[in-house]
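Shown next: target.txt, containing compact mmCIF, C-alpha atoms.
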# COMPACT_ATOMS: atom_id res chain seq x y z
CA MET G 3 25.09 -10.32 3.85
CA ASP G 4 25.93 -8.64 0.58
CA PHE G 5 23.41 -5.82 0.02
CA LEU G 6 24.35 -5.58 -3.65
CA ASN G 7 23.78 -9.26 -4.34
CA GLN G 8 21.78 -9.29 -7.58
CA ALA G 9 20.65 -12.88 -7.15
CA PHE G 10 19.17 -12.04 -3.75
CA LEU G 11 17.39 -8.98 -5.14
CA LEU G 12 16.05 -10.90 -8.13
CA GLY G 13 14.89 -13.65 -5.78
CA LEU G 14 12.95 -11.09 -3.74
CA VAL G 15 11.33 -9.62 -6.84
CA ALA G 16 10.44 -13.10 -8.14
CA ALA G 17 8.96 -14.02 -4.74
CA PHE G 18 6.95 -10.80 -4.84
CA PHE G 19 5.38 -11.43 -8.24
CA THR G 20 4.58 -15.06 -7.50
CA SER G 21 3.07 -14.44 -4.05
CA TRP G 22 -0.61 -14.94 -3.37
CA GLN G 23 -0.68 -11.47 -1.79
CA VAL G 24 0.21 -9.78 -5.09
CA LYS G 25 -2.27 -11.93 -6.98
CA THR G 26 -4.93 -10.90 -4.47
CA LEU G 27 -4.00 -7.22 -4.81
CA LEU G 28 -4.13 -7.40 -8.59
CA GLY G 29 -7.48 -9.18 -8.46
CA LEU G 30 -8.90 -6.53 -6.11
CA ILE G 31 -7.51 -3.77 -8.31
CA LEU G 32 -9.21 -5.35 -11.34
CA ILE G 33 -12.53 -5.58 -9.48
CA ASP G 34 -12.16 -1.97 -8.33
CA VAL G 35 -11.37 -0.77 -11.87
CA LEU G 36 -14.30 -2.64 -13.42
CA LEU G 37 -16.77 -1.44 -10.77
CA GLY G 38 -15.38 2.09 -11.09
CA ILE G 39 -15.89 2.04 -14.84
CA ALA G 40 -19.41 0.65 -14.41
CA ALA G 41 -20.24 3.32 -11.82
CA ALA G 42 -18.90 6.08 -14.08
CA VAL G 43 -20.88 4.76 -17.05
CA LYS G 44 -24.01 4.58 -14.89
CA ARG G 45 -23.53 8.21 -13.81
CA ASP G 46 -22.74 9.12 -17.44
CA VAL G 47 -19.35 10.59 -16.48
CA PHE G 48 -16.97 7.97 -17.92
CA ASP G 49 -13.77 9.47 -19.36
CA TRP G 50 -10.84 7.46 -20.76
CA GLY G 51 -8.46 10.13 -19.47
CA GLU G 52 -9.71 9.61 -15.93
CA LEU G 53 -9.07 5.88 -16.28
CA GLY G 54 -5.45 6.63 -17.20
CA ARG G 55 -5.11 9.03 -14.27
CA PHE G 56 -6.57 6.37 -11.97
CA TYR G 57 -3.90 3.89 -13.06
CA GLN G 58 -1.21 6.52 -12.63
CA SER G 59 -2.42 7.74 -9.24
CA ASN G 60 -3.68 4.51 -7.64
CA VAL G 61 -2.79 1.25 -9.38
CA LEU G 62 0.88 1.87 -10.12
CA PRO G 63 1.66 3.42 -6.72
CA TYR G 64 0.00 0.48 -4.94
CA VAL G 65 1.91 -2.17 -6.85
CA ILE G 66 5.25 -0.34 -7.07
CA GLY G 67 5.02 0.87 -3.47
CA TYR G 68 4.26 -2.61 -2.19
CA LEU G 69 7.13 -4.02 -4.29
CA ALA G 70 9.51 -1.40 -2.87
CA PHE G 71 8.34 -2.18 0.67
CA PHE G 72 8.61 -5.95 0.07
CA VAL G 73 12.18 -5.64 -1.25
CA ALA G 74 13.21 -3.11 1.43
CA ILE G 75 11.98 -5.36 4.24
CA GLY G 76 13.77 -8.29 2.62
CA TYR G 77 16.97 -6.26 2.80
CA LEU G 78 16.40 -4.67 6.21
CA ILE G 79 15.07 -7.76 7.93
CA PRO G 80 16.45 -10.71 6.01
CA PRO G 81 14.88 -13.93 7.30
CA GLU G 82 18.19 -15.20 8.69
CA SER G 83 18.97 -11.95 10.55
CA LEU G 84 17.09 -12.72 13.75
CA GLY G 85 17.45 -16.46 13.80
CA GLU G 86 14.14 -18.23 14.21
CA LEU G 87 12.26 -14.93 14.56
CA GLY G 88 13.56 -13.36 11.33
CA ALA G 89 11.16 -15.00 8.90
CA PRO G 90 8.00 -14.46 11.01
CA ILE G 91 8.88 -10.81 11.64
CA ASN G 92 9.63 -10.26 7.96
CA GLU G 93 6.37 -11.89 6.90
CA GLY G 94 4.40 -10.08 9.59
CA VAL G 95 5.60 -6.63 8.59
CA VAL G 96 4.90 -7.30 4.91
CA THR G 97 1.47 -8.74 5.75
CA VAL G 98 0.51 -5.62 7.72
CA ALA G 99 1.39 -3.45 4.71
CA TRP G 100 -0.56 -5.81 2.45
CA GLY G 101 -3.54 -5.62 4.81
CA ALA G 102 -3.52 -1.83 4.63
CA LEU G 103 -3.63 -1.96 0.84
CA VAL G 104 -6.41 -4.56 0.87
CA ALA G 105 -8.46 -2.43 3.27
CA THR G 106 -8.05 0.60 1.00
CA LEU G 107 -9.08 -1.40 -2.06
CA LEU G 108 -12.08 -2.94 -0.28
CA LYS G 109 -13.25 0.53 0.73
CA SER G 110 -13.05 1.70 -2.88
CA ILE G 111 -14.82 -1.44 -4.12
CA ALA G 112 -17.61 -0.92 -1.58
CA ARG G 113 -17.97 2.71 -2.67
CA ASN G 114 -18.18 1.76 -6.35
CA PHE G 115 -20.59 -1.08 -5.57
CA SER G 116 -22.76 1.35 -3.64
CA VAL G 117 -22.88 3.75 -6.59
CA MET G 118 -23.80 0.88 -8.89
CA TYR G 119 -26.64 -0.54 -6.84
CA GLN G 120 -27.86 2.24 -4.55
CA GLY G 121 -26.98 5.41 -6.40
CA GLU G 122 -24.63 8.00 -4.99

So, in terms of structure tokens, how does the structure I just supplied come out?
Amino acid sequence: MDFLNQAFLLGLVAAFFTSWQVKTLLGLILIDVLLGIAAAVKRDVFDWGELGRFYQSNVLPYVIGYLAFFVAIGYLIPPESLGELGAPINEGVVTVAWGALVATLLKSIARNFSVMYQGE
């Protein structure tokens, strides 16, 4: 396998951005951002600068980190590398990473929801 194959790399990136996992992550991030803004407004502490820092410290690292992991696993465990087991192992490892991100986002959503409807 050619590790510098641009078509393979572009295929991985295209698969990443069209996957239901990324769409789910982006949807959860949007829900988290909107609930976070609503919670900050409710507590009268909303600051546009904090929103920018949130994107820089949470949103971008989640998406870019998951992309890097997705591409790295595609290179390290290409589906054809282990015969019939390659694709399931590849998908399983990526799904575990996705699950960790989803769990983190759900925790943040629950926290923001709690601030909105129960107070701090």

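Minimum distance to Leu78 (chain G) across G:Pro63, G:Ala112, G:Val95, G:Ile33 (counting all atoms listed in the file) occurs at G:Val95.
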
Open item on the list: One decimal, in Å: what's the spacing between CA of Lys109 (chain G) and CA of Gly76 (chain G)?
Closed with: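 Separation of CA of Lys109 (chain G) and CA of Gly76 (chain G): 28.5 Å.
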
Open item on the list: So the first atom is CA of Ile31 (chain G) and the second is CA of Leu107 (chain G); what is the distance between them in Å, to one decimal place?
Closed with: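 Atom-to-atom, CA of Ile31 (chain G) to CA of Leu107 (chain G), that is 6.9 Å.
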
TODO: In Å, rounded to a single decimal, give me how far CA of Pro90 (chain G) is from CA of Leu12 (chain G).
DONE: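 Computed distance, CA of Leu12 (chain G) to CA of Pro90 (chain G), equals 21.1 Å.
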
Open item on the list: Using all atoms listed in the file for the distances, tell me which of G:Leu14, G:Leu27, G:Ile111, G:Met118 is nearest to Ala74 (chain G).
Closed with: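 Of all the options, G:Leu14 lies closest to Ala74 (chain G).
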
Wanna dump the region 4-96 of chain G-region 113-116 of chain G contacts at 12 Å for me, each residue with its shortest atom pair and the distance in Å to one decimal, counting all atoms listed in the file, ordered by chain and number, as a tab-separated table?
residue	atom	partner	partner_atom	distance
G:Ile33	CA	G:Asn114	CA	9.8
G:Asp34	CA	G:Asn114	CA	7.4
G:Val35	CA	G:Asn114	CA	9.1
G:Leu36	CA	G:Asn114	CA	9.2
G:Leu37	CA	G:Asn114	CA	5.6
G:Gly38	CA	G:Asn114	CA	5.5
G:Ile39	CA	G:Asn114	CA	8.8
G:Ala40	CA	G:Asn114	CA	8.2
G:Ala41	CA	G:Asn114	CA	6.0
G:Ala42	CA	G:Asn114	CA	8.9
G:Val43	CA	G:Asn114	CA	11.4
G:Lys44	CA	G:Asn114	CA	10.7
G:Arg45	CA	G:Asn114	CA	11.2

Task: Residue among G:Val15, G:Glu52, G:Leu32, G:Ala9 lying closest to Ser110 (chain G), counting all atoms listed in the file - done: G:Leu32

May I have the centre and edge lengths, in Å to one decimal, of an axis-aligned box around the listed atoms of region 51-60 of chain G with 4 Å added to every side, as AutoDock Vina command-line options?
--center_x -5.5 --center_y 7.0 --center_z -13.6 --size_x 16.5 --size_y 14.2 --size_z 19.8

- [ ] May I have the residues within 10 Å of Ser83 (chain G) as a PyMOL selection string, using all atoms listed in the file and disregarding those fewer than 5 positions away in the same chain?
- [x] chain G and resi 3+77-78+88-89+92

Task: Nearest-residue call for Trp100 (chain G), choices G:Leu69, G:Leu11, G:Leu84, G:Ala17, using all atoms listed in the file - done: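 Smallest distance to Trp100 (chain G) is found for G:Leu69.
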
TODO: Go through G:Glu86, G:Thr106, G:Asp49, G:Phe18 one by one, measure the shortest atom-to-atom distance of each to Tyr68 (chain G) using all atoms listed in the file, and give the residue with the smallest value.
DONE: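 Of G:Glu86, G:Thr106, G:Asp49, G:Phe18, the one nearest Tyr68 (chain G) is G:Phe18, counting all atoms listed in the file.
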
Open item on the list: Restricting the calculation to all atoms listed in the file: of G:Gln120, G:Leu28, G:Ser21, G:Gln8, which residue gets closest to Asn60 (chain G)?
Closed with: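 Closest to Asn60 (chain G) of all the choices is G:Leu28.
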
Incomplete region 70-81 of chain G brought to all heavy atoms, written out as an mmCIF file, in the frame of the given file:
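Now in part-v1.cif:
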data_model
loop_
_atom_site.group_PDB
_atom_site.id
_atom_site.type_symbol
_atom_site.label_atom_id
_atom_site.label_comp_id
_atom_site.auth_asym_id
_atom_site.auth_seq_id
_atom_site.Cartn_x
_atom_site.Cartn_y
_atom_site.Cartn_z
ATOM 1 N N ALA G 70 8.392 -2.075 -3.536
ATOM 2 C CA ALA G 70 9.510 -1.400 -2.870
ATOM 3 C C ALA G 70 9.563 -1.781 -1.387
ATOM 4 O O ALA G 70 10.633 -2.059 -0.837
ATOM 5 C CB ALA G 70 9.386 0.111 -3.022
ATOM 6 N N PHE G 71 8.411 -1.812 -0.740
ATOM 7 C CA PHE G 71 8.340 -2.180 0.670
ATOM 8 C C PHE G 71 8.781 -3.636 0.861
ATOM 9 O O PHE G 71 9.564 -3.947 1.757
ATOM 10 C CB PHE G 71 6.924 -1.972 1.195
ATOM 11 C CG PHE G 71 6.794 -2.144 2.670
ATOM 12 C CD1 PHE G 71 7.217 -1.145 3.533
ATOM 13 C CD2 PHE G 71 6.253 -3.302 3.198
ATOM 14 C CE1 PHE G 71 7.113 -1.297 4.898
ATOM 15 C CE2 PHE G 71 6.147 -3.476 4.560
ATOM 16 C CZ PHE G 71 6.573 -2.466 5.412
ATOM 17 N N PHE G 72 8.293 -4.524 0.014
ATOM 18 C CA PHE G 72 8.610 -5.950 0.070
ATOM 19 C C PHE G 72 10.121 -6.160 -0.047
ATOM 20 O O PHE G 72 10.726 -6.892 0.736
ATOM 21 C CB PHE G 72 7.864 -6.659 -1.060
ATOM 22 C CG PHE G 72 7.921 -8.151 -1.023
ATOM 23 C CD1 PHE G 72 6.947 -8.869 -0.343
ATOM 24 C CD2 PHE G 72 8.913 -8.845 -1.697
ATOM 25 C CE1 PHE G 72 6.977 -10.265 -0.325
ATOM 26 C CE2 PHE G 72 8.944 -10.220 -1.684
ATOM 27 C CZ PHE G 72 7.979 -10.941 -0.992
ATOM 28 N N VAL G 73 10.739 -5.501 -1.026
ATOM 29 C CA VAL G 73 12.180 -5.640 -1.250
ATOM 30 C C VAL G 73 12.950 -4.986 -0.102
ATOM 31 O O VAL G 73 13.921 -5.555 0.412
ATOM 32 C CB VAL G 73 12.595 -5.048 -2.612
ATOM 33 C CG1 VAL G 73 14.103 -4.971 -2.749
ATOM 34 C CG2 VAL G 73 11.991 -5.875 -3.746
ATOM 35 N N ALA G 74 12.510 -3.802 0.342
ATOM 36 C CA ALA G 74 13.210 -3.110 1.430
ATOM 37 C C ALA G 74 13.190 -3.950 2.705
ATOM 38 O O ALA G 74 14.212 -4.079 3.389
ATOM 39 C CB ALA G 74 12.577 -1.748 1.680
ATOM 40 N N ILE G 75 12.057 -4.524 3.041
ATOM 41 C CA ILE G 75 11.980 -5.360 4.240
ATOM 42 C C ILE G 75 12.856 -6.592 4.073
ATOM 43 O O ILE G 75 13.518 -7.032 5.008
ATOM 44 C CB ILE G 75 10.516 -5.747 4.548
ATOM 45 C CG1 ILE G 75 9.724 -4.519 4.967
ATOM 46 C CG2 ILE G 75 10.446 -6.813 5.627
ATOM 47 C CD1 ILE G 75 10.280 -3.787 6.170
ATOM 48 N N GLY G 76 12.892 -7.145 2.876
ATOM 49 C CA GLY G 76 13.770 -8.290 2.620
ATOM 50 C C GLY G 76 15.232 -7.949 2.863
ATOM 51 O O GLY G 76 16.007 -8.783 3.331
ATOM 52 N N TYR G 77 15.609 -6.705 2.555
ATOM 53 C CA TYR G 77 16.970 -6.260 2.800
ATOM 54 C C TYR G 77 17.182 -5.882 4.272
ATOM 55 O O TYR G 77 18.194 -6.199 4.867
ATOM 56 C CB TYR G 77 17.313 -5.034 1.950
ATOM 57 C CG TYR G 77 17.921 -5.367 0.619
ATOM 58 C CD1 TYR G 77 17.426 -4.819 -0.548
ATOM 59 C CD2 TYR G 77 19.005 -6.224 0.504
ATOM 60 C CE1 TYR G 77 17.974 -5.114 -1.785
ATOM 61 C CE2 TYR G 77 19.571 -6.523 -0.721
ATOM 62 C CZ TYR G 77 19.050 -5.960 -1.859
ATOM 63 O OH TYR G 77 19.612 -6.255 -3.064
ATOM 64 N N LEU G 78 16.231 -5.148 4.837
ATOM 65 C CA LEU G 78 16.400 -4.670 6.210
ATOM 66 C C LEU G 78 16.234 -5.759 7.251
ATOM 67 O O LEU G 78 16.875 -5.731 8.297
ATOM 68 C CB LEU G 78 15.401 -3.533 6.490
ATOM 69 C CG LEU G 78 15.569 -2.287 5.640
ATOM 70 C CD1 LEU G 78 14.444 -1.300 5.929
ATOM 71 C CD2 LEU G 78 16.916 -1.639 5.904
ATOM 72 N N ILE G 79 15.308 -6.669 7.000
ATOM 73 C CA ILE G 79 15.070 -7.760 7.930
ATOM 74 C C ILE G 79 15.157 -9.079 7.161
ATOM 75 O O ILE G 79 14.151 -9.750 6.944
ATOM 76 C CB ILE G 79 13.687 -7.651 8.612
ATOM 77 C CG1 ILE G 79 13.451 -6.262 9.167
ATOM 78 C CG2 ILE G 79 13.562 -8.689 9.730
ATOM 79 C CD1 ILE G 79 12.035 -6.038 9.667
ATOM 80 N N PRO G 80 16.353 -9.439 6.714
ATOM 81 C CA PRO G 80 16.450 -10.710 6.010
ATOM 82 C C PRO G 80 16.046 -11.846 6.954
ATOM 83 O O PRO G 80 16.283 -11.764 8.164
ATOM 84 C CB PRO G 80 17.922 -10.811 5.623
ATOM 85 C CG PRO G 80 18.622 -9.692 6.278
ATOM 86 C CD PRO G 80 17.623 -8.760 6.844
ATOM 87 N N PRO G 81 15.399 -12.863 6.431
ATOM 88 C CA PRO G 81 14.880 -13.930 7.300
ATOM 89 C C PRO G 81 15.917 -14.523 8.253
ATOM 90 O O PRO G 81 15.592 -14.875 9.365
ATOM 91 C CB PRO G 81 14.393 -14.979 6.297
ATOM 92 C CG PRO G 81 14.062 -14.196 5.075
ATOM 93 C CD PRO G 81 15.051 -13.065 5.036
#
